[in-house]
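Here's the structure, in structure tokens; my notes come after.
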Amino acid sequence: MEHIELFFKSIFIDNMVFATFLGMCSYLAVSKKVATAVGLGAAVIFVLAVTVPLNWLLDQYILQEGALSWLGEEYAAYDLSFLSFIMFIATIATMVQLVEIIVEKFSPSLYNSLGIFLPLIAVNCAILGGSLFMQSREIPSLGLALTYGIGSGIGWFLAILAIAAIREKIRYSSVPPALRGLGITFIITGLMAIGFMSFGGMLTGGDEEQKETPKVEVTIENKKEEKQDAKEIIADNTKTNNQ
Amino acid sequence: MGLLSKKDAALITDPLADNNPITIQVLGICSALAITAELKASIVMAVSVLFVLGLGNVVISLMRNIIPSKIRIIVQLIVVATLVIIVDLVLKAFAYELSKTLSVFVGLIITNCIIMGRFEAFALGNGPWKSFLDGVGNSLGYGVILIAVGFFRELLGSGTLLGFKVLGDPIEKTGLYAIGYENNGFMLLSPMALIVVGIIIWIQRSRNTALIEEN
């Protein structure tokens with residue numbers, strides 16, 4: 001059930017393009033024709049489905065505070081989360097390269113349709129954004145991370161497909177000269193984003209996120225307090241020992 | 001002759017208007033839209049990009065002869081990621097509240113197309129001083145749009161600028177609110193960012209008709 005919920009939430013409510021403006025650069029640059037838009041969209045779904053779970057593993061077992069405890073007790077105190085940007089982007093760049101090689105080897109026809117777009121994707125904000133949102137929303141399991149990756153990929157795909165179709169049609173309408181091209185695309189995207197906002201009530205209600213955020217903050221504060229308490233206790237202990 | 005030759009000065013002034021990275025080159029839109037609901041966040045974002053792009057351009061330009069062209073993307077990403085980590089840690093240390101509002105968008109400077117675009121298009125083929133000027137110029141051009149969008153969205157959306165109530169108090173009905181003015185809360189929602197940028201593009205292109213695109 002939570003898989004389905006997260007899946008639809010990441011497609012419609014938290015749509016990458018309309019809610020968070022991720023991957024706008026390629027969204028605007030590659031949306032002149034439906035065929036190329038479909039190619040890029042498919043590549044984005046594919047790469048997100050691979051990199052989000054991979055970065056989830058990286059986050060859980062290497063980067064998070066205490067994540068290194070599987071190596072042994074002495075590593076449990078390390079907190080490498082400041083390295084997450086560099087690790088995520090390195091994973092993404094490597095994976096994109098790897099995916100490119102594998103696809104070229106095993107499916108030349110798919111490579112021919114995706115080929116040009118794959119290198120572009122390494123610097124698509126949607127991909128890194130997927131991993132960063134996965135980290136900041138604290139997605140609990142590998143399966144959910146995969147669902148989130150595929151879901152947000154499909155959301156991006158839908159967005160670019162829709163705008164490409166609209167732009168193909170709009171070529172035949174008389175847009176004010178100064179708005180032609182980029183300007184009208186921005187405004188249409190804005191209108192589509194307003195439309196997508198109405199999906200907000202699709203799941204348990206739109207105020208769900210506002211409830212979530214303070215919860216997270218509270219847990220963090222509690223952790224800090226616990227730590228301080230622990231430190232004080234240790235300090236007290238050492239004092240009594242000294243006495 | 002002043003500090004900068006004419007060519008060098010053009011590197012800074014061009015991106016401010018006729019070659020603006022956001023409205024003309026269509027680079028770096030993602031972050032420009034998401035964080036502009038407040039003026040303060042826009043200014044901080046503009047300064048962060050100024051730091052990353054200025055310094056990153058210099059670093060890449062210094063290394064341009066030793067980077068093998070096949071792996072240049074990864075090298076560029078590592079350089080940006082390092083600079084962004086510095087920005088992120090500084091923000092977390094000195095402006096924790098603000099870094100919460102910016103959330104993942106500081107990290108997304110890494111994949112901001114302005115940065116990779118300028119590395120590819122300029123820093124790989126020019127010396128460090130010129131690259132520095134190009135970086136500063138482009139991030140200023142980016143910042144101008146960001147601050148303009150942030151200005152209008154905060155002013156019309158919540159009636160404040162940098163948190164100061166410039167239009168009067170909406171609850172006590174002073175200033176403009178006394179004559180029945182209402183805040184347009186819709187300006188704070190994300191779709192309006194797109195429409196505000198669209199309008200800025202519209203104004204710019206109707207003033208300079210050379211920029212108008214073919215259909």
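Ordering of the structure tokens sets the chain letters (A, B, ...), residue numbers begin anew at 1 in every chain, and ligands are numbered from 1 in the order given.
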Restrict the distance test to only C-alpha atoms, flag each residue of chain A within 9 Å of chain B, and return the flagged residues as a ChimeraX atom specification. /A:17-25,28-29,82-86,89-90,93-94,122-126,128-129,132-133,136,170-172,175,177-194,197
Give me, as a ChimeraX atom specification, the residues of stretch 60-137 of chain B that a backbone DSSP run labels alpha helix (DSSP H). /B:60-63,72-94,96-102,104-107,113-121,128-137
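The coordinates place atom CA of B:Phe151 at 5.4 Å from atom CA of B:Leu39.
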Which residues come within 9 Å of A:Val99, counting only C-alpha atoms, excluding same-chain residues fewer than 5 positions away, as a compact mmCIF listing (two decimals) with N, CA and C atoms, in the first residue's frame?
# COMPACT_ATOMS: atom_id res chain seq x y z
N VAL A 47 17.54 6.07 -15.55
CA VAL A 47 18.67 6.45 -14.70
C VAL A 47 18.21 6.71 -13.27
N THR A 94 29.16 8.04 -12.76
CA THR A 94 29.67 6.71 -13.09
C THR A 94 28.57 5.83 -13.64
N GLU A 104 24.75 0.10 -24.91
CA GLU A 104 25.36 0.05 -26.23
C GLU A 104 25.70 -1.39 -26.62
N LEU A 118 21.92 10.24 -22.94
CA LEU A 118 22.48 9.71 -21.69
C LEU A 118 23.55 10.62 -21.09
